[in-house]
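S.K.: You'll find work.csv just under this line, and it carries CSV, N, CA and C atoms.
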```
chain,number,residue,atom,x,y,z
I,1,MET,N,16.0,-14.8,-11.4
I,1,MET,CA,14.6,-15.1,-11.6
I,1,MET,C,14.5,-16.3,-12.5
I,2,ALA,N,13.6,-17.2,-12.2
I,2,ALA,CA,13.4,-18.4,-12.9
I,2,ALA,C,12.7,-18.1,-14.3
I,3,GLU,N,13.0,-18.9,-15.3
I,3,GLU,CA,12.4,-18.8,-16.6
I,3,GLU,C,10.9,-19.0,-16.5
I,4,GLY,N,10.1,-18.1,-17.0
I,4,GLY,CA,8.7,-18.3,-17.0
I,4,GLY,C,8.0,-18.1,-15.7
I,5,GLU,N,8.7,-17.5,-14.7
I,5,GLU,CA,8.1,-17.2,-13.4
I,5,GLU,C,7.0,-16.2,-13.6
I,6,GLU,N,5.9,-16.5,-12.9
I,6,GLU,CA,4.7,-15.6,-12.9
I,6,GLU,C,5.0,-14.3,-12.3
I,7,ARG,N,4.7,-13.2,-13.0
I,7,ARG,CA,4.9,-11.8,-12.5
I,7,ARG,C,3.5,-11.2,-12.3
I,8,ILE,N,3.5,-10.3,-11.4
I,8,ILE,CA,2.2,-9.6,-11.1
I,8,ILE,C,2.5,-8.1,-11.2
I,9,GLU,N,1.7,-7.4,-12.0
I,9,GLU,CA,1.8,-6.0,-12.2
I,9,GLU,C,1.0,-5.3,-11.1
I,10,LEU,N,1.7,-4.5,-10.2
I,10,LEU,CA,1.0,-3.9,-9.1
I,10,LEU,C,1.2,-2.4,-9.1
I,11,LYS,N,0.3,-1.7,-8.5
I,11,LYS,CA,0.5,-0.3,-8.2
I,11,LYS,C,-0.1,-0.1,-6.8
I,12,PHE,N,0.4,0.9,-6.1
I,12,PHE,CA,0.0,1.1,-4.7
I,12,PHE,C,-0.6,2.5,-4.6
I,13,ARG,N,-1.9,2.6,-4.1
I,13,ARG,CA,-2.6,3.8,-3.9
I,13,ARG,C,-2.5,4.3,-2.5
I,14,ILE,N,-2.0,5.5,-2.3
I,14,ILE,CA,-1.9,6.1,-1.0
I,14,ILE,C,-3.1,6.9,-0.6
I,15,TYR,N,-3.1,7.5,0.6
I,15,TYR,CA,-4.3,8.1,1.1
I,15,TYR,C,-4.9,9.2,0.3
I,16,ASP,N,-4.1,9.9,-0.5
I,16,ASP,CA,-4.7,11.0,-1.3
I,16,ASP,C,-5.0,10.6,-2.8
I,17,GLY,N,-5.0,9.3,-3.1
I,17,GLY,CA,-5.3,8.9,-4.4
I,17,GLY,C,-4.1,8.7,-5.4
I,18,THR,N,-3.0,9.1,-4.9
I,18,THR,CA,-1.8,9.0,-5.8
I,18,THR,C,-1.3,7.6,-5.8
I,19,ASP,N,-0.9,7.1,-7.0
I,19,ASP,CA,-0.4,5.8,-7.2
I,19,ASP,C,1.1,5.8,-7.3
I,20,ILE,N,1.8,4.9,-6.6
I,20,ILE,CA,3.2,4.9,-6.5
I,20,ILE,C,3.7,3.5,-6.8
I,21,ALA,N,5.0,3.3,-7.1
I,21,ALA,CA,5.8,2.1,-7.2
I,21,ALA,C,5.1,1.1,-8.2
I,22,HIS,N,4.6,1.7,-9.3
I,22,HIS,CA,3.9,0.8,-10.4
I,22,HIS,C,5.0,0.0,-11.1
I,23,ASP,N,4.9,-1.3,-10.9
I,23,ASP,CA,5.9,-2.2,-11.5
I,23,ASP,C,5.4,-3.6,-11.6
I,24,SER,N,6.2,-4.5,-12.2
I,24,SER,CA,5.9,-5.9,-12.3
I,24,SER,C,6.8,-6.6,-11.3
I,25,TYR,N,6.2,-7.5,-10.5
I,25,TYR,CA,6.9,-8.2,-9.4
I,25,TYR,C,6.8,-9.7,-9.5
I,26,PRO,N,7.9,-10.4,-9.2
I,26,PRO,CA,7.8,-11.9,-9.3
I,26,PRO,C,6.9,-12.4,-8.1
I,27,ALA,N,5.9,-13.2,-8.4
I,27,ALA,CA,4.9,-13.6,-7.4
I,27,ALA,C,5.5,-14.5,-6.3
I,28,SER,N,6.4,-15.4,-6.7
I,28,SER,CA,6.8,-16.4,-5.7
I,28,SER,C,8.0,-15.9,-4.8
I,29,THR,N,8.7,-14.8,-5.2
I,29,THR,CA,9.8,-14.4,-4.4
I,29,THR,C,9.7,-13.0,-3.8
I,30,THR,N,8.7,-12.3,-4.2
I,30,THR,CA,8.5,-11.0,-3.6
I,30,THR,C,7.7,-11.1,-2.3
I,31,THR,N,8.2,-10.6,-1.2
I,31,THR,CA,7.5,-10.6,0.0
I,31,THR,C,6.8,-9.3,0.2
I,32,VAL,N,5.8,-9.3,1.1
I,32,VAL,CA,5.0,-8.1,1.4
I,32,VAL,C,6.0,-7.1,2.1
I,33,GLY,N,6.9,-7.7,3.0
I,33,GLY,CA,7.8,-6.8,3.6
I,33,GLY,C,8.8,-6.1,2.7
I,34,SER,N,9.2,-6.8,1.6
I,34,SER,CA,10.1,-6.1,0.6
I,34,SER,C,9.3,-5.0,-0.2
I,35,LEU,N,8.0,-5.3,-0.4
I,35,LEU,CA,7.2,-4.2,-1.1
I,35,LEU,C,7.1,-3.0,-0.2
I,36,LYS,N,6.9,-3.2,1.1
I,36,LYS,CA,6.8,-2.1,2.1
I,36,LYS,C,8.1,-1.3,2.1
I,37,GLN,N,9.2,-2.0,2.1
I,37,GLN,CA,10.5,-1.3,2.1
I,37,GLN,C,10.6,-0.4,0.8
I,38,LYS,N,10.2,-0.9,-0.3
I,38,LYS,CA,10.3,-0.2,-1.5
I,38,LYS,C,9.3,1.1,-1.4
I,39,LEU,N,8.2,0.9,-0.9
I,39,LEU,CA,7.2,2.0,-0.7
I,39,LEU,C,7.8,3.1,0.2
I,40,VAL,N,8.4,2.7,1.3
I,40,VAL,CA,9.0,3.7,2.2
I,40,VAL,C,10.1,4.5,1.5
I,41,ALA,N,10.9,3.7,0.8
I,41,ALA,CA,12.0,4.4,0.1
I,41,ALA,C,11.6,5.3,-1.1
I,42,GLU,N,10.4,5.0,-1.7
I,42,GLU,CA,10.0,5.8,-2.8
I,42,GLU,C,8.8,6.7,-2.5
I,43,TRP,N,8.5,6.9,-1.2
I,43,TRP,CA,7.4,7.7,-0.8
I,43,TRP,C,7.5,9.1,-1.3
I,44,PRO,N,6.5,9.6,-1.9
I,44,PRO,CA,6.6,11.0,-2.5
I,44,PRO,C,6.9,12.1,-1.5
I,45,GLN,N,7.7,13.0,-1.8
I,45,GLN,CA,8.1,14.1,-0.9
I,45,GLN,C,6.9,15.1,-0.9
I,46,GLY,N,6.8,15.8,0.2
I,46,GLY,CA,5.8,16.8,0.3
I,46,GLY,C,4.5,16.4,0.8
I,47,LYS,N,4.3,15.1,1.1
I,47,LYS,CA,3.0,14.6,1.5
I,47,LYS,C,2.9,14.9,3.0
I,48,THR,N,1.6,15.1,3.5
I,48,THR,CA,1.4,15.4,4.9
I,48,THR,C,1.6,14.2,5.8
I,49,VAL,N,1.4,13.0,5.3
I,49,VAL,CA,1.6,11.7,6.0
I,49,VAL,C,2.8,11.0,5.4
I,50,ILE,N,3.8,10.7,6.2
I,50,ILE,CA,5.0,10.1,5.7
I,50,ILE,C,5.4,8.9,6.6
I,51,PRO,N,5.5,7.7,6.1
I,51,PRO,CA,5.9,6.6,7.0
I,51,PRO,C,7.4,6.7,7.4
I,52,LYS,N,7.7,6.4,8.6
I,52,LYS,CA,9.1,6.5,9.1
I,52,LYS,C,9.8,5.1,8.9
I,53,SER,N,9.0,4.1,8.9
I,53,SER,CA,9.5,2.7,8.8
I,53,SER,C,8.5,1.8,8.2
I,54,VAL,N,9.0,0.6,7.9
I,54,VAL,CA,8.1,-0.4,7.3
I,54,VAL,C,6.9,-0.8,8.2
I,55,ASN,N,7.2,-0.7,9.5
I,55,ASN,CA,6.1,-1.0,10.5
I,55,ASN,C,5.0,0.0,10.5
I,56,ASP,N,5.2,1.2,9.9
I,56,ASP,CA,4.1,2.2,9.8
I,56,ASP,C,3.2,1.9,8.7
I,57,VAL,N,3.6,1.0,7.8
I,57,VAL,CA,2.8,0.8,6.5
I,57,VAL,C,2.0,-0.5,6.6
I,58,LYS,N,0.8,-0.4,6.2
I,58,LYS,CA,-0.1,-1.6,6.0
I,58,LYS,C,-0.5,-1.7,4.6
I,59,LEU,N,-0.4,-2.9,4.0
I,59,LEU,CA,-0.8,-3.1,2.6
I,59,LEU,C,-2.2,-3.8,2.7
I,60,ILE,N,-3.1,-3.4,1.9
I,60,ILE,CA,-4.5,-4.0,1.9
I,60,ILE,C,-4.8,-4.4,0.5
I,61,HIS,N,-5.2,-5.7,0.3
I,61,HIS,CA,-5.6,-6.2,-0.9
I,61,HIS,C,-6.9,-7.1,-0.7
I,62,ALA,N,-7.9,-6.8,-1.5
I,62,ALA,CA,-9.2,-7.5,-1.3
I,62,ALA,C,-9.7,-7.5,0.1
I,63,GLY,N,-9.5,-6.3,0.8
I,63,GLY,CA,-10.1,-6.1,2.1
I,63,GLY,C,-9.3,-6.8,3.2
I,64,LYS,N,-8.1,-7.3,2.9
I,64,LYS,CA,-7.3,-8.0,3.9
I,64,LYS,C,-5.9,-7.3,4.1
I,65,VAL,N,-5.5,-7.2,5.3
I,65,VAL,CA,-4.1,-6.6,5.6
I,65,VAL,C,-3.2,-7.8,5.3
I,66,LEU,N,-2.1,-7.5,4.5
I,66,LEU,CA,-1.2,-8.5,4.1
I,66,LEU,C,-0.1,-8.6,5.2
I,67,GLU,N,0.4,-9.9,5.4
I,67,GLU,CA,1.5,-10.1,6.4
I,67,GLU,C,2.9,-10.0,5.7
I,68,ASN,N,3.8,-9.4,6.5
I,68,ASN,CA,5.1,-9.0,6.0
I,68,ASN,C,5.9,-10.3,5.5
I,69,THR,N,5.8,-11.4,6.1
I,69,THR,CA,6.6,-12.6,5.8
I,69,THR,C,6.1,-13.4,4.6
I,70,LYS,N,4.9,-13.1,4.2
I,70,LYS,CA,4.3,-13.9,3.1
I,70,LYS,C,4.7,-13.3,1.7
I,71,THR,N,4.8,-14.2,0.7
I,71,THR,CA,5.1,-13.7,-0.6
I,71,THR,C,3.8,-13.3,-1.3
I,72,LEU,N,3.9,-12.7,-2.5
I,72,LEU,CA,2.6,-12.4,-3.2
I,72,LEU,C,1.8,-13.6,-3.5
I,73,ALA,N,2.5,-14.7,-3.9
I,73,ALA,CA,1.8,-16.0,-4.2
I,73,ALA,C,1.1,-16.5,-2.9
I,74,ASP,N,1.8,-16.5,-1.8
I,74,ASP,CA,1.3,-17.0,-0.5
I,74,ASP,C,0.0,-16.1,-0.1
I,75,SER,N,0.1,-14.9,-0.4
I,75,SER,CA,-1.0,-13.9,-0.1
I,75,SER,C,-2.2,-14.1,-1.0
I,76,ARG,N,-2.1,-14.9,-2.0
I,76,ARG,CA,-3.1,-15.2,-3.0
I,76,ARG,C,-3.5,-14.0,-3.7
I,77,ILE,N,-2.5,-13.2,-4.2
I,77,ILE,CA,-2.8,-12.1,-5.0
I,77,ILE,C,-3.2,-12.6,-6.4
I,78,THR,N,-4.4,-12.2,-6.8
I,78,THR,CA,-4.9,-12.7,-8.1
I,78,THR,C,-4.1,-12.1,-9.3
I,79,PHE,N,-3.8,-13.0,-10.2
I,79,PHE,CA,-3.1,-12.5,-11.4
I,79,PHE,C,-3.5,-13.5,-12.6
I,80,GLY,N,-3.1,-13.1,-13.7
I,80,GLY,CA,-3.4,-13.9,-14.9
I,80,GLY,C,-4.3,-13.2,-15.9
I,81,ASP,N,-5.6,-13.5,-15.9
I,81,ASP,CA,-6.5,-12.9,-16.9
I,81,ASP,C,-6.9,-11.5,-16.6
I,82,ILE,N,-6.5,-10.9,-15.5
I,82,ILE,CA,-6.9,-9.6,-15.2
I,82,ILE,C,-6.1,-8.6,-16.0
I,83,PRO,N,-6.7,-7.7,-16.8
I,83,PRO,CA,-5.9,-6.8,-17.6
I,83,PRO,C,-5.5,-5.6,-16.7
I,84,GLY,N,-4.3,-5.1,-17.0
I,84,GLY,CA,-3.8,-3.9,-16.2
I,84,GLY,C,-3.2,-4.3,-14.9
I,85,ALA,N,-2.9,-3.3,-14.1
I,85,ALA,CA,-2.2,-3.5,-12.8
I,85,ALA,C,-3.3,-3.7,-11.7
I,86,ILE,N,-2.9,-4.5,-10.7
I,86,ILE,CA,-3.7,-4.7,-9.5
I,86,ILE,C,-3.3,-3.5,-8.6
I,87,THR,N,-4.4,-2.9,-8.1
I,87,THR,CA,-4.2,-1.8,-7.1
I,87,THR,C,-4.3,-2.3,-5.7
I,88,MET,N,-3.2,-2.0,-4.9
I,88,MET,CA,-3.2,-2.3,-3.5
I,88,MET,C,-3.3,-1.0,-2.8
I,89,HIS,N,-4.0,-1.0,-1.7
I,89,HIS,CA,-4.1,0.3,-0.9
I,89,HIS,C,-3.1,0.3,0.2
I,90,VAL,N,-2.5,1.5,0.4
I,90,VAL,CA,-1.5,1.6,1.4
I,90,VAL,C,-2.0,2.5,2.5
I,91,VAL,N,-1.9,2.1,3.8
I,91,VAL,CA,-2.4,2.8,4.9
I,91,VAL,C,-1.1,3.1,5.8
I,92,VAL,N,-0.9,4.3,6.2
I,92,VAL,CA,0.2,4.7,7.1
I,92,VAL,C,-0.4,4.8,8.5
I,93,GLN,N,0.0,3.9,9.3
I,93,GLN,CA,-0.5,3.8,10.7
I,93,GLN,C,0.7,3.7,11.7
I,94,PRO,N,1.3,4.8,12.1
I,94,PRO,CA,2.4,4.7,13.0
I,94,PRO,C,2.0,4.0,14.3
I,95,PRO,N,2.9,3.2,14.9
I,95,PRO,CA,2.6,2.5,16.1
I,95,PRO,C,2.3,3.5,17.2
I,96,ILE,N,1.3,3.2,18.1
I,96,ILE,CA,1.0,4.0,19.2
I,96,ILE,C,2.1,4.1,20.2
I,97,ALA,N,2.4,5.3,20.6
I,97,ALA,CA,3.5,5.5,21.6
I,97,ALA,C,3.2,4.8,22.9
I,98,LYS,N,4.2,4.2,23.5
I,98,LYS,CA,4.0,3.4,24.7
I,98,LYS,C,3.6,4.3,25.9
I,99,LYS,N,4.1,5.6,25.9
I,99,LYS,CA,3.8,6.5,27.0
I,99,LYS,C,2.3,6.8,27.0
I,100,LYS,N,1.7,7.0,25.8
I,100,LYS,CA,0.3,7.3,25.7
I,100,LYS,C,-0.5,6.2,26.3
I,101,THR,N,-0.2,5.0,25.9
I,101,THR,CA,-0.9,3.8,26.4
I,101,THR,C,-0.8,3.7,27.9
I,102,GLU,N,0.4,3.9,28.5
I,102,GLU,CA,0.6,3.9,29.9
I,102,GLU,C,-0.2,4.9,30.6
I,103,LYS,N,-0.2,6.1,30.1
I,103,LYS,CA,-1.0,7.2,30.7
I,103,LYS,C,-2.5,6.9,30.7
I,104,LYS,N,-3.0,6.3,29.6
I,104,LYS,CA,-4.4,5.9,29.6
I,104,LYS,C,-4.7,4.9,30.6
I,105,LYS,N,-3.9,3.8,30.8
I,105,LYS,CA,-4.1,2.8,31.8
I,105,LYS,C,-4.1,3.4,33.2
I,106,LYS,N,-3.1,4.3,33.4
I,106,LYS,CA,-3.0,4.9,34.7
I,106,LYS,C,-4.3,5.7,35.0
I,107,LYS,N,-4.8,6.4,34.1
I,107,LYS,CA,-6.0,7.2,34.3
I,107,LYS,C,-7.2,6.3,34.6
I,108,GLU,N,-7.3,5.2,33.8
I,108,GLU,CA,-8.4,4.3,34.1
I,108,GLU,C,-8.3,3.7,35.5
I,109,ASN,N,-7.1,3.3,35.9
I,109,ASN,CA,-6.9,2.8,37.3
I,109,ASN,C,-7.3,3.8,38.3
I,110,MET,N,-6.9,5.1,38.1
I,110,MET,CA,-7.3,6.2,39.0
I,110,MET,C,-8.8,6.3,39.2
I,111,GLN,N,-9.5,6.2,38.1
I,111,GLN,CA,-11.0,6.3,38.1
I,111,GLN,C,-11.6,5.1,38.9
I,112,LYS,N,-11.0,4.0,38.9
I,112,LYS,CA,-11.5,2.8,39.6
I,112,LYS,C,-11.4,2.9,41.1
I,113,THR,N,-10.3,3.6,41.6
I,113,THR,CA,-10.2,3.8,43.0
I,113,THR,C,-11.1,4.8,43.6
I,114,ASN,N,-11.5,4.6,44.8
I,114,ASN,CA,-12.4,5.6,45.5
I,114,ASN,C,-11.5,6.8,45.9
I,115,SER,N,-12.0,8.0,45.7
I,115,SER,CA,-11.2,9.2,46.0
I,115,SER,C,-11.0,9.4,47.4
I,116,CYS,N,-11.9,8.9,48.3
I,116,CYS,CA,-11.7,9.1,49.7
I,116,CYS,C,-10.9,8.1,50.4
I,117,SER,N,-10.4,7.1,49.7
I,117,SER,CA,-9.6,6.0,50.1
I,117,SER,C,-10.3,5.2,51.2
I,118,CYS,N,-11.6,5.1,51.1
I,118,CYS,CA,-12.4,4.4,52.1
I,118,CYS,C,-12.6,3.0,51.5
I,119,THR,N,-12.8,2.0,52.4
I,119,THR,CA,-13.1,0.7,51.9
I,119,THR,C,-14.6,0.6,52.0
I,120,ILE,N,-15.2,0.2,50.9
I,120,ILE,CA,-16.7,0.1,50.9
I,120,ILE,C,-17.0,-1.4,51.0
I,121,LEU,N,-17.9,-1.7,52.0
I,121,LEU,CA,-18.2,-3.1,52.2
I,121,LEU,C,-19.6,-3.5,51.6
```
Represent the structure from my file as structure tokens, please.
M.R.:
Amino acid sequence: MAEGEERIELKFRIYDGTDIAHDSYPASTTTVGSLKQKLVAEWPQGKTVIPKSVNDVKLIHAGKVLENTKTLADSRITFGDIPGAITMHVVVQPPIAKKKTEKKKKKENMQKTNSCSCTIL
């Protein structure tokens, strides 16, 4: 870490109001993806919703979903004169299974076809 590098104190609030991973992070070198990895690794046991991978986690700051490849500085996380830790919200949203999407499309296509197989002019 560089001398005098700006650090941001963050905590992450999950769905039930619990705060996790409260720490100070270097703004220019910490990526959103690395924060998500830390959150998945430190996720509290016994919760009803548990992320299985980094892709299941969305970080929200100031109403915006943060991108994995950006650093805290790139994401314009405010720091400096704000006392205390900045709270980011964590949403666990597992990716939709491909089979469910395929079934839904198939059902929609079935509804579009005429049940008597007649051609309507």
S.K.: Nearest to Asn55 of chain I: which of I:Ile8, I:Asp16, I:Met88, I:Gln93 is it, counting only C-alpha atoms?
M.R.: I:Gln93
S.K.: Extract, using only C-alpha atoms, all DNA, RNA and protein residues at most 12 Å from Glu67 of chain I, discarding same-chain residues fewer than 5 positions from it, and format them as a tab-separated table (two decimals) with N, CA and C atoms, in the frame of the given file.
M.R.:
```tsv
chain	number	residue	atom	x	y	z
I	31	THR	N	8.20	-10.60	-1.20
I	31	THR	CA	7.50	-10.60	0.00
I	31	THR	C	6.80	-9.30	0.20
I	32	VAL	N	5.80	-9.30	1.10
I	32	VAL	CA	5.00	-8.10	1.40
I	32	VAL	C	6.00	-7.10	2.10
I	33	GLY	N	6.90	-7.70	3.00
I	33	GLY	CA	7.80	-6.80	3.60
I	33	GLY	C	8.80	-6.10	2.70
I	34	SER	N	9.20	-6.80	1.60
I	34	SER	CA	10.10	-6.10	0.60
I	34	SER	C	9.30	-5.00	-0.20
I	35	LEU	N	8.00	-5.30	-0.40
I	35	LEU	CA	7.20	-4.20	-1.10
I	35	LEU	C	7.10	-3.00	-0.20
I	36	LYS	N	6.90	-3.20	1.10
I	36	LYS	CA	6.80	-2.10	2.10
I	36	LYS	C	8.10	-1.30	2.10
I	54	VAL	N	9.00	0.60	7.90
I	54	VAL	CA	8.10	-0.40	7.30
I	54	VAL	C	6.90	-0.80	8.20
I	55	ASN	N	7.20	-0.70	9.50
I	55	ASN	CA	6.10	-1.00	10.50
I	55	ASN	C	5.00	0.00	10.50
I	57	VAL	N	3.60	1.00	7.80
I	57	VAL	CA	2.80	0.80	6.50
I	57	VAL	C	2.00	-0.50	6.60
I	58	LYS	N	0.80	-0.40	6.20
I	58	LYS	CA	-0.10	-1.60	6.00
I	58	LYS	C	-0.50	-1.70	4.60
I	59	LEU	N	-0.40	-2.90	4.00
I	59	LEU	CA	-0.80	-3.10	2.60
I	59	LEU	C	-2.20	-3.80	2.70
I	60	ILE	N	-3.10	-3.40	1.90
I	60	ILE	CA	-4.50	-4.00	1.90
I	60	ILE	C	-4.80	-4.40	0.50
I	61	HIS	N	-5.20	-5.70	0.30
I	61	HIS	CA	-5.60	-6.20	-0.90
I	61	HIS	C	-6.90	-7.10	-0.70
I	72	LEU	N	3.90	-12.70	-2.50
I	72	LEU	CA	2.60	-12.40	-3.20
I	72	LEU	C	1.80	-13.60	-3.50
I	74	ASP	N	1.80	-16.50	-1.80
I	74	ASP	CA	1.30	-17.00	-0.50
I	74	ASP	C	0.00	-16.10	-0.10
I	75	SER	N	0.10	-14.90	-0.40
I	75	SER	CA	-1.00	-13.90	-0.10
I	75	SER	C	-2.20	-14.10	-1.00
I	76	ARG	N	-2.10	-14.90	-2.00
I	76	ARG	CA	-3.10	-15.20	-3.00
I	76	ARG	C	-3.50	-14.00	-3.70
```
S.K.: DSSP on the backbone: what in segment 13-43 of chain I comes out strand (DSSP E), as a list of chain:residue names?
M.R.: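 Those in segment 13-43 of chain I that DSSP calls strand (DSSP E) are I:Arg13, I:Asp19, I:Ile20, I:Ala21, I:His22, I:Asp23, I:Ser24, I:Tyr25, I:Pro26.
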S.K.: Which polymer residues, whether protein, DNA or RNA, lie within 6 Å of the coordinate (5.1, 4.4, 12.7) when you count all atoms listed in the file? List them as a list in words, using the chain letters and numbers from the file.
M.R.: Lys52, Ser53, Asn55, Asp56, Gln93, Pro94 and Pro95 of chain I
S.K.: Just to be explicit: take each residue in the selection above, keep N, CA and C atoms, and write the result as a PDB file, in the frame of the given file.
M.R.:
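Saved as result_36.pdb:
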```
ATOM      1  N   LYS I  52       7.700   6.400   8.600  1.00  0.00           N
ATOM      2  CA  LYS I  52       9.100   6.500   9.100  1.00  0.00           C
ATOM      3  C   LYS I  52       9.800   5.100   8.900  1.00  0.00           C
ATOM      4  N   SER I  53       9.000   4.100   8.900  1.00  0.00           N
ATOM      5  CA  SER I  53       9.500   2.700   8.800  1.00  0.00           C
ATOM      6  C   SER I  53       8.500   1.800   8.200  1.00  0.00           C
ATOM      7  N   ASN I  55       7.200  -0.700   9.500  1.00  0.00           N
ATOM      8  CA  ASN I  55       6.100  -1.000  10.500  1.00  0.00           C
ATOM      9  C   ASN I  55       5.000   0.000  10.500  1.00  0.00           C
ATOM     10  N   ASP I  56       5.200   1.200   9.900  1.00  0.00           N
ATOM     11  CA  ASP I  56       4.100   2.200   9.800  1.00  0.00           C
ATOM     12  C   ASP I  56       3.200   1.900   8.700  1.00  0.00           C
ATOM     13  N   GLN I  93       0.000   3.900   9.300  1.00  0.00           N
ATOM     14  CA  GLN I  93      -0.500   3.800  10.700  1.00  0.00           C
ATOM     15  C   GLN I  93       0.700   3.700  11.700  1.00  0.00           C
ATOM     16  N   PRO I  94       1.300   4.800  12.100  1.00  0.00           N
ATOM     17  CA  PRO I  94       2.400   4.700  13.000  1.00  0.00           C
ATOM     18  C   PRO I  94       2.000   4.000  14.300  1.00  0.00           C
ATOM     19  N   PRO I  95       2.900   3.200  14.900  1.00  0.00           N
ATOM     20  CA  PRO I  95       2.600   2.500  16.100  1.00  0.00           C
ATOM     21  C   PRO I  95       2.300   3.500  17.200  1.00  0.00           C
TER      22      PRO I  95
END
```
S.K.: Check the smallest atom-to-atom distance from each of I:Arg13, I:Lys70, I:Arg7, I:Lys38 to Val90 of chain I using only C-alpha atoms, then report the winner.
M.R.: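 Of I:Arg13, I:Lys70, I:Arg7, I:Lys38, the one nearest Val90 of chain I, counting only C-alpha atoms, is I:Arg13.
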S.K.: Separation of atom CA of Ile77 of chain I and atom C of Ala41 of chain I, in Å?
M.R.: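 According to the coordinates, atom CA of Ile77 of chain I and atom C of Ala41 of chain I are separated by 22.9 Å.
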S.K.: Return the single residue from I:Leu66, I:Ala21, I:Ala85, I:Ala27 that is closest to Val40 of chain I, with distances computed using only C-alpha atoms.
M.R.: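 The closest residue to Val40 of chain I is I:Ala21.
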S.K.: What's the separation between atom N of Asp19 of chain I and atom N of Thr69 of chain I, in Å to one decimal place?
M.R.: 23.6 Å
S.K.: Mind giving me the straight-line distance from atom CA of Gln37 of chain I to atom CA of Ile96 of chain I in Å, one decimal?
M.R.: 20.3 Å
S.K.: Select all residues near (-1.7, 11.8, 4.1) (cut-off 8 Å, inclusive, file coordinates), counting all atoms listed in the file, and output them as a ChimeraX atom specification.
M.R.: /I:14-16,47-50,92
S.K.: Return the single residue from I:Val91, I:Thr71, I:Ile86, I:Lys64 that is closest to Glu9 of chain I, with distances computed using only C-alpha atoms.
M.R.: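 That would be I:Ile86, the residue with the smallest distance to Glu9 of chain I.
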